[in-house]
Structure formats: structure tokens, C-alpha cells
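The structure file my_file_4.txt is reproduced below (compact mmCIF, C-alpha atoms and all ligand atoms).
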# COMPACT_ATOMS: atom_id res chain seq x y z
CA MET P 1 -3.06 12.05 13.81
CA ILE P 2 -2.50 8.93 11.78
CA GLY P 3 -0.56 9.80 8.63
CA VAL P 4 -1.19 7.76 5.51
CA PHE P 5 1.31 8.14 2.69
CA ASP P 6 1.24 7.02 -0.93
CA SER P 7 3.00 7.98 -4.14
CA GLY P 8 -0.38 9.15 -5.44
CA PHE P 9 -4.08 8.36 -5.25
CA GLY P 10 -3.95 4.60 -4.83
CA GLY P 11 -3.38 4.83 -1.08
CA LEU P 12 -6.84 6.36 -0.76
CA ALA P 13 -8.16 2.81 -1.25
CA VAL P 14 -6.11 1.79 1.81
CA LEU P 15 -7.25 4.84 3.79
CA ARG P 16 -10.85 3.96 2.92
CA GLU P 17 -10.41 0.62 4.68
CA PHE P 18 -8.91 2.37 7.73
CA LEU P 19 -11.88 4.73 7.88
CA GLY P 20 -14.25 1.77 7.77
CA ALA P 21 -12.44 -0.13 10.54
CA LEU P 22 -11.24 2.77 12.72
CA PRO P 23 -13.39 5.83 11.94
CA GLU P 24 -12.86 7.57 15.28
CA TYR P 25 -9.25 8.62 14.64
CA ASP P 26 -7.99 11.72 12.81
CA TYR P 27 -6.21 11.00 9.51
CA LEU P 28 -3.85 13.06 7.39
CA TYR P 29 -3.40 11.67 3.87
CA LEU P 30 -0.46 12.67 1.69
CA GLY P 31 -0.20 11.68 -1.98
CA ASP P 32 3.01 12.56 -3.83
CA ASN P 33 1.17 13.06 -7.12
CA ALA P 34 3.89 15.35 -8.48
CA ARG P 35 6.38 12.47 -8.45
CA ILE P 36 4.28 9.35 -9.08
CA PRO P 37 5.16 6.64 -10.15
CA TYR P 38 7.54 5.29 -7.53
CA GLY P 39 7.30 1.79 -9.01
CA THR P 40 9.90 2.43 -11.70
CA ARG P 41 12.36 4.43 -9.56
CA SER P 42 15.63 3.40 -7.92
CA ASP P 43 15.90 2.35 -4.27
CA ALA P 44 17.77 5.56 -3.39
CA VAL P 45 15.14 7.83 -4.93
CA VAL P 46 12.19 5.97 -3.38
CA LEU P 47 13.91 6.24 0.01
CA GLN P 48 14.65 9.95 -0.46
CA PHE P 49 11.06 10.78 -1.52
CA THR P 50 9.50 8.63 1.19
CA GLN P 51 11.70 10.12 3.90
CA GLN P 52 10.70 13.63 2.81
CA ALA P 53 7.04 12.63 3.06
CA VAL P 54 7.52 11.05 6.48
CA GLU P 55 9.31 14.18 7.74
CA TYR P 56 6.49 16.34 6.41
CA LEU P 57 3.78 14.25 8.10
CA PHE P 58 5.65 14.20 11.42
CA ALA P 59 6.03 18.00 11.24
CA GLN P 60 2.24 18.20 10.82
CA GLY P 61 1.72 16.33 14.09
CA CYS P 62 1.40 12.69 13.03
CA VAL P 63 2.79 10.21 15.57
CA LEU P 64 2.05 7.12 13.49
CA ILE P 65 2.45 6.89 9.71
CA ILE P 66 1.32 4.04 7.50
CA LEU P 67 3.13 3.73 4.17
CA ALA P 68 0.16 2.66 2.05
CA CYS P 69 2.46 2.64 -0.98
CA HIS P 70 3.77 -0.90 -1.49
CA THR P 71 6.84 0.31 -3.36
CA ALA P 72 7.76 2.63 -0.48
CA SER P 73 7.00 -0.13 2.06
CA ALA P 74 9.21 -2.53 0.09
CA LYS P 75 12.12 -0.20 -0.64
CA ALA P 76 12.21 2.46 2.08
CA LEU P 77 10.46 1.28 5.26
CA ARG P 78 13.29 -0.74 6.76
CA ALA P 79 15.87 2.04 6.29
CA ILE P 80 13.47 4.59 7.80
CA GLN P 81 12.72 2.35 10.78
CA GLN P 82 16.36 1.45 11.41
CA HIS P 83 18.34 4.55 10.49
CA TYR P 84 16.00 7.53 10.58
CA LEU P 85 13.40 7.08 13.33
CA PRO P 86 15.77 6.20 16.22
CA TRP P 87 17.75 9.43 15.66
CA HIS P 88 15.01 11.86 14.70
CA TYR P 89 11.67 10.64 16.07
CA PRO P 90 12.34 7.80 18.54
CA ASN P 91 8.80 7.98 19.96
CA ASN P 92 6.98 7.91 16.62
CA ARG P 93 6.29 4.94 14.38
CA VAL P 94 6.22 4.20 10.64
CA LEU P 95 4.56 0.98 9.49
CA GLY P 96 4.05 -0.52 6.04
CA VAL P 97 1.69 -2.83 4.17
CA VAL P 98 4.05 -5.69 3.28
CA ILE P 99 4.29 -7.48 6.66
CA PRO P 100 0.52 -7.47 7.43
CA THR P 101 -0.21 -8.72 3.90
CA VAL P 102 2.39 -11.49 4.13
CA GLU P 103 1.05 -12.68 7.51
CA GLU P 104 -2.48 -12.86 6.13
CA ALA P 105 -1.39 -14.63 2.94
CA LEU P 106 0.40 -17.33 4.93
CA ALA P 107 -2.59 -17.77 7.25
CA ARG P 108 -4.94 -18.27 4.28
CA SER P 109 -2.71 -20.31 1.95
CA ARG P 110 -3.34 -24.05 2.25
CA ARG P 111 -0.71 -25.39 -0.16
CA LYS P 112 1.84 -22.61 0.38
CA ARG P 113 2.04 -21.65 -3.29
CA ILE P 114 1.71 -17.88 -3.25
CA GLY P 115 1.66 -15.52 -6.23
CA VAL P 116 2.51 -11.82 -5.93
CA ILE P 117 1.63 -9.13 -8.46
CA ALA P 118 3.24 -5.73 -7.90
CA THR P 119 5.16 -2.86 -9.50
CA GLU P 120 8.57 -3.52 -11.06
CA GLY P 121 10.28 -1.92 -8.06
CA THR P 122 8.45 -4.00 -5.48
CA VAL P 123 9.14 -7.24 -7.38
CA ALA P 124 12.83 -6.33 -7.87
CA SER P 125 13.17 -5.65 -4.12
CA ASN P 126 11.98 -9.21 -3.42
CA SER P 127 10.40 -7.84 -0.21
CA PHE P 128 7.30 -10.02 -0.35
CA LYS P 129 9.37 -13.11 -1.10
CA ILE P 130 11.90 -12.38 1.67
CA GLU P 131 9.22 -11.69 4.29
CA LEU P 132 7.13 -14.73 3.28
CA ARG P 133 10.20 -16.99 3.49
CA LYS P 134 11.20 -15.52 6.87
CA LEU P 135 7.89 -16.63 8.33
CA ASP P 136 7.72 -19.92 6.46
CA PRO P 137 10.87 -21.15 4.70
CA SER P 138 8.87 -23.86 2.91
CA VAL P 139 6.62 -21.42 1.03
CA GLN P 140 6.88 -21.22 -2.78
CA VAL P 141 6.64 -17.65 -4.05
CA PHE P 142 5.98 -16.65 -7.67
CA GLN P 143 6.25 -12.95 -8.48
CA GLN P 144 5.03 -11.04 -11.50
CA ALA P 145 5.75 -7.36 -12.19
CA CYS P 146 2.77 -5.64 -13.82
CA PRO P 147 4.13 -2.28 -15.01
CA LEU P 148 1.14 -1.43 -17.20
CA LEU P 149 -1.62 -1.87 -14.62
CA VAL P 150 -1.04 1.44 -12.78
CA PRO P 151 -1.10 3.55 -16.00
CA ILE P 152 -4.17 1.64 -17.26
CA ILE P 153 -6.05 2.48 -14.05
CA GLU P 154 -4.76 6.07 -13.94
CA CYS P 155 -6.03 6.55 -17.51
CA GLY P 156 -9.48 5.37 -16.43
CA GLU P 157 -9.27 2.18 -18.53
CA GLN P 158 -9.76 -0.26 -15.64
CA ASP P 159 -13.03 -1.59 -17.07
CA GLY P 160 -11.82 -1.76 -20.67
CA GLU P 161 -10.38 -4.44 -22.95
CA VAL P 162 -6.81 -3.38 -22.42
CA ALA P 163 -7.10 -4.17 -18.69
CA ASP P 164 -8.38 -7.68 -19.56
CA LEU P 165 -5.62 -8.22 -22.07
CA MET P 166 -2.85 -7.24 -19.65
CA LEU P 167 -4.35 -9.11 -16.71
CA ARG P 168 -4.52 -12.30 -18.78
CA LYS P 169 -0.90 -11.83 -19.80
CA TYR P 170 0.36 -11.05 -16.27
CA LEU P 171 -1.66 -13.72 -14.47
CA ALA P 172 -0.92 -16.58 -16.90
CA PRO P 173 2.57 -17.46 -15.54
CA LEU P 174 1.27 -17.43 -11.96
CA LEU P 175 -1.75 -19.60 -12.77
CA HIS P 176 0.59 -21.95 -14.61
CA GLN P 177 2.39 -22.42 -11.25
CA ASP P 178 -0.89 -23.53 -9.67
CA ILE P 179 -0.86 -20.83 -6.97
CA ASP P 180 -3.47 -21.12 -4.21
CA THR P 181 -3.11 -17.52 -2.97
CA LEU P 182 -2.59 -14.25 -4.85
CA ILE P 183 -1.27 -11.10 -3.19
CA LEU P 184 -2.40 -7.85 -4.83
CA GLY P 185 0.87 -6.08 -3.95
CA CYS P 186 0.10 -2.55 -5.15
CA THR P 187 -2.29 0.15 -3.96
CA HIS P 188 -4.07 0.29 -7.32
CA TYR P 189 -4.87 -3.37 -7.84
CA SER P 190 -7.87 -3.57 -5.50
CA ILE P 191 -9.71 -1.63 -8.24
CA LEU P 192 -9.12 -4.64 -10.54
CA LYS P 193 -10.16 -7.27 -7.98
CA PRO P 194 -13.51 -8.12 -9.67
CA LYS P 195 -11.71 -8.69 -12.98
CA ILE P 196 -8.87 -10.64 -11.35
CA GLN P 197 -11.48 -12.87 -9.71
CA GLN P 198 -12.81 -13.79 -13.16
CA TYR P 199 -9.38 -15.02 -14.28
CA VAL P 200 -8.31 -17.02 -11.25
CA ASN P 201 -9.90 -20.20 -10.00
CA SER P 202 -12.45 -19.56 -7.21
CA GLN P 203 -10.25 -21.64 -4.89
CA VAL P 204 -7.47 -19.03 -5.10
CA GLU P 205 -7.42 -16.70 -2.07
CA ILE P 206 -7.01 -13.08 -3.15
CA ILE P 207 -5.28 -10.93 -0.55
CA CYS P 208 -5.97 -7.18 -0.71
CA SER P 209 -3.48 -5.32 1.42
CA GLY P 210 -5.82 -2.43 2.27
CA GLU P 211 -8.39 -4.65 3.98
CA VAL P 212 -5.74 -6.69 5.73
CA THR P 213 -3.74 -3.69 6.96
CA ALA P 214 -6.85 -2.08 8.47
CA VAL P 215 -7.51 -5.17 10.61
CA LYS P 216 -3.84 -5.39 11.63
CA LEU P 217 -3.75 -1.67 12.43
CA ALA P 218 -6.66 -2.08 14.86
CA ASP P 219 -4.75 -4.93 16.50
CA TYR P 220 -1.51 -2.88 16.58
CA LEU P 221 -3.25 0.03 18.32
CA GLN P 222 -4.64 -2.32 20.97
CA ARG P 223 -1.20 -3.72 21.64
CA HIS P 224 0.54 -0.32 21.67
CA PRO P 225 -1.22 2.04 24.11
CA GLU P 226 1.90 4.26 24.17
CA ILE P 227 1.06 5.20 20.55
CA GLU P 228 -2.73 4.87 20.68
CA THR P 229 -3.17 7.28 23.60
CA ARG P 230 -1.29 9.98 21.64
CA LEU P 231 -3.71 9.80 18.68
CA SER P 232 -6.50 12.36 18.42
CA ARG P 233 -10.00 10.97 17.99
CA ARG P 234 -12.27 13.56 16.44
CA GLY P 235 -13.01 11.73 13.21
CA ARG P 236 -11.26 14.43 11.14
CA ARG P 237 -9.71 13.82 7.70
CA ARG P 238 -7.34 16.08 5.74
CA TYR P 239 -5.98 15.38 2.27
CA LEU P 240 -2.68 16.72 0.98
CA THR P 241 -1.20 16.30 -2.48
CA THR P 242 2.02 17.55 -4.09
CA ASP P 243 0.17 18.23 -7.35
CA LEU P 244 -3.41 18.97 -8.28
CA THR P 245 -4.05 17.97 -11.88
CA PRO P 246 -7.36 18.27 -13.76
CA ARG P 247 -7.86 14.51 -13.33
CA PHE P 248 -7.45 14.65 -9.56
CA ARG P 249 -11.17 14.69 -8.79
CA ASP P 250 -12.00 11.63 -10.88
CA LEU P 251 -9.08 9.55 -9.71
CA ALA P 252 -9.49 10.47 -6.06
CA SER P 253 -13.19 9.51 -6.27
CA LEU P 254 -12.31 6.21 -7.95
CA PHE P 255 -10.08 5.14 -5.05
CA MET P 256 -11.93 6.83 -2.20
CA GLY P 257 -15.50 6.13 -3.36
CA GLU P 258 -16.39 9.80 -2.84
CA GLU P 259 -15.08 13.21 -3.80
CA ILE P 260 -12.40 14.78 -1.63
CA ALA P 261 -10.99 18.30 -1.32
CA ALA P 262 -7.20 18.30 -1.26
CA GLU P 263 -4.64 20.96 -0.39
CA VAL P 264 -1.44 21.29 -2.44
CA VAL P 265 1.80 21.13 -0.45
CA GLN P 266 5.52 21.05 -1.28
CA LEU P 267 7.76 18.49 0.37
N1 LIG U 301 1.59 3.27 -4.93
C1 LIG U 301 2.41 2.40 -5.72
C2 LIG U 301 2.48 1.02 -5.05
O1 LIG U 301 1.63 0.65 -4.27
C3 LIG U 301 1.91 2.25 -7.14
C4 LIG U 301 2.07 3.49 -7.97
C5 LIG U 301 3.52 3.87 -8.18
O2 LIG U 301 4.23 3.19 -8.94
O3 LIG U 301 3.95 4.82 -7.55
O4 LIG U 301 3.41 0.28 -5.31
Hey, can you dump this file as C-alpha cells for me?
Ligand code: DGL
Amino acid sequence: MIGVFDSGFGGLAVLREFLGALPEYDYLYLGDNARIPYGTRSDAVVLQFTQQAVEYLFAQGCVLIILACHTASAKALRAIQQHYLPWHYPNNRVLGVVIPTVEEALARSRRKRIGVIATEGTVASNSFKIELRKLDPSVQVFQQACPLLVPIIECGEQDGEVADLMLRKYLAPLLHQDIDTLILGCTHYSILKPKIQQYVNSQVEIICSGEVTAVKLADYLQRHPEIETRLSRRGRRRYLTTDLTPRFRDLASLFMGEEIAAEVVQL
């Protein structure tokens, strides 16, 4: 199976893109809803939680896991790839959303002035900036933490005035820098894409990591038959969550576009 992990529901928007691009595979989704948000937590805690999730998904039979959570991709992926996988699961793989997003942003940016909006944790890790600069040292990167966007969306206020107010506030410094590309560096922000489009110039390329990662995943599977041939292809989907709150149904539908039935698990 392909495991898809997020701190909560937001990763369902990433999974939805995978299902559109690669529907034939079996997917196991895990949302750590009991411990969301990850965006405000320390590096050590994000690594600990993410590693527990990865272990759980491997134990369920996943051979490839995508960290749909940007905060986990930014703060935990490298340590898991370098210090955990080689010792515990040398034949399995864990991939994230930062590298595919960065590659796409650089390919689409004409003037190499790239804005990034993300959680506080992702911005503090500088992961997007570091990876963008590795591929193109001349790129100018402007980051903006948007701590209120996740709670606004999780409270169902994504279409309301408060979302407009905060988007205007968060986007203003980036627009002031005359960015030509904007990375939506958090699972939740694709929900706000129509609103974001209203505030940025139509020339600005908006990069949604879910869409981009789905295309790159298809490419990865073609280039890695040693992983691809171990994946089951019966079109099955299973959803796991560490907490099932009364709002689960609404939020899951918001990100997934349809209702899902989830099982509660403990990591
Ligand atoms: N999934 C997180 C991300 O993409 C956002 C929610 C959280 O803070 O845990 O960064």
C-alpha cells in the first residue's frame, strides 16, 4: 500500500490528487487528529510524532509513505530518511512534499522571486528556502508564517470575512516584494486558493503541493520499479485517525470532496 500521513485532515486534499492521478493503487491514510496542530510544535516533537506514524504505517504493510504534512516534511523527513529507514526499513521509502513543490516552483518562476506561505514551524525550519537555494542559489525567497489560517479553515470559516482579513494581512508583505510565484506550503491552503487568487496578480504562479506531488509521484513510481512492483493495485482506500471528533465528517468532506468512514487507531 501507499501510506499517506498528515497531522490531521488537510492531507486528504493531497490524497485526493493522488487518487485522481494514480487511482489503481491501494492507499492507507493516517491523520493524527488527536495531536494536530504540528505547525506550532518543536522539531523534536514533530519528529517523534511523525516517526510513530511512519512505524505504524509500515507495520500495516505500507512500503512507500508520503508525508503530506508540510510541517512533518520540513522538520522530520530528513532525519527519518537518514537515521531511521536505513536501520529499520532499508527497503521501504518515505517521501515528502517540499522537494516536489520546490522543483515545480523553480520551473514555473520566471523572475525567481518566490513567496512561501506556511505554518510557523515550516517557516522557522527554512526548509523551502534551503531547498530552493540548493537548486538555484540566485533565487530570492520571501516567507510568511500564517498561524491563523489552519484554525480558520478548521472552524469552517474559510469563506468568511476573517479569512479575507487574514489573507490580506499575510499576503501583503509578499506582494510588496513583487513575487512572481507563490508556494502554498501547507496542506490546508489549497482550500483558500480561489480567495488567494483574488488577492495576487494574475501573473503570479500559485503552486499547490498536492497537485504537484501527485505528478511527481507518478514519475517516481516509473523510475523506481523496485518500489512500484511491491505496491498492491486493487483501488482500495482505508482511512485511519487518532481521534474521531463530532466535526470529523464535515472537515473530512471539505478536504476530500466526499464523505469518508475512518477507523480510530492509537499510535
Ligand atoms: N498539516 C500541517 C501542514 O501541512 C498543517 C496543520 C498543522 O499545523 O498540523 O503543515
Taking a cut-off of 10 Å and counting all atoms listed in the file, can you build a table that, for each residue of region 211-241 of chain P near region 16-35 of chain P, reports the nearest atom pair and how far apart they are in Å (one decimal), sorted by chain then residue number, as a Markdown table?
| residue | atom | partner | partner_atom | distance |
| --- | --- | --- | --- | --- |
| P:Glu211 | CA | P:Glu17 | CA | 5.7 |
| P:Val212 | CA | P:Glu17 | CA | 8.7 |
| P:Thr213 | CA | P:Phe18 | CA | 8.0 |
| P:Ala214 | CA | P:Phe18 | CA | 5.0 |
| P:Val215 | CA | P:Ala21 | CA | 7.1 |
| P:Leu217 | CA | P:Phe18 | CA | 8.1 |
| P:Ala218 | CA | P:Leu22 | CA | 7.0 |
| P:Glu228 | CA | P:Tyr25 | CA | 9.6 |
| P:Leu231 | CA | P:Tyr25 | CA | 7.0 |
| P:Ser232 | CA | P:Asp26 | CA | 5.8 |
| P:Arg233 | CA | P:Tyr25 | CA | 4.2 |
| P:Arg234 | CA | P:Asp26 | CA | 5.9 |
| P:Gly235 | CA | P:Glu24 | CA | 4.6 |
| P:Arg236 | CA | P:Asp26 | CA | 4.6 |
| P:Arg237 | CA | P:Tyr27 | CA | 4.8 |
| P:Arg238 | CA | P:Leu28 | CA | 4.9 |
| P:Tyr239 | CA | P:Tyr29 | CA | 4.8 |
| P:Leu240 | CA | P:Leu30 | CA | 4.7 |
| P:Thr241 | CA | P:Gly31 | CA | 4.8 |
(Q) Which residues are near Thr40 (chain P)? Cut-off 7 Å, only C-alpha atoms, ignore same chain within fewer than 2 positions. Put them as a list in words. (A) Pro37, Tyr38, Ser42, Glu120 and Gly121 of chain P
Q) Hey, can you check how far CA of His88 (chain P) sits from CA of Gln48 (chain P)? A) 15.3 Å
Wanna dump the chain P-ligand LIG 301 (chain U) contacts at 8 Å for me, each residue with its shortest atom pair and the distance in Å to one decimal, counting only C-alpha atoms and all ligand atoms, ordered by chain and number, as a tab-separated table?
residue	atom	partner	partner_atom	distance
P:Asp6	CA	U:LIG301	N1	5.5
P:Ser7	CA	U:LIG301	O3	4.7
P:Gly8	CA	U:LIG301	N1	6.2
P:Phe9	CA	U:LIG301	N1	7.6
P:Gly10	CA	U:LIG301	N1	5.7
P:Gly11	CA	U:LIG301	N1	6.5
P:Ile36	CA	U:LIG301	O3	4.8
P:Pro37	CA	U:LIG301	O3	3.4
P:Tyr38	CA	U:LIG301	O3	3.6
P:Gly39	CA	U:LIG301	O2	3.4
P:Thr40	CA	U:LIG301	O2	6.4
P:Ala68	CA	U:LIG301	O1	6.8
P:Cys69	CA	U:LIG301	O1	3.9
P:His70	CA	U:LIG301	O1	3.8
P:Thr71	CA	U:LIG301	O4	3.9
P:Ala72	CA	U:LIG301	O4	6.9
P:Ala118	CA	U:LIG301	O4	6.5
P:Thr119	CA	U:LIG301	O4	5.5
P:Gly121	CA	U:LIG301	O4	7.7
P:Thr122	CA	U:LIG301	O4	6.6
P:Val150	CA	U:LIG301	C4	6.1
P:Gly185	CA	U:LIG301	O1	6.8
P:Cys186	CA	U:LIG301	O1	3.7
P:Thr187	CA	U:LIG301	O1	4.0
P:His188	CA	U:LIG301	C3	6.3
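Between Leu192 (chain P) and the candidates P:Ala145, P:Ala163, P:Ala74, P:Ile80, the tightest atom-to-atom separation, counting only C-alpha atoms, involves P:Ala163.
From CA of Cys62 (chain P) back to CA of Asn92 (chain P), the distance works out to 8.2 Å.
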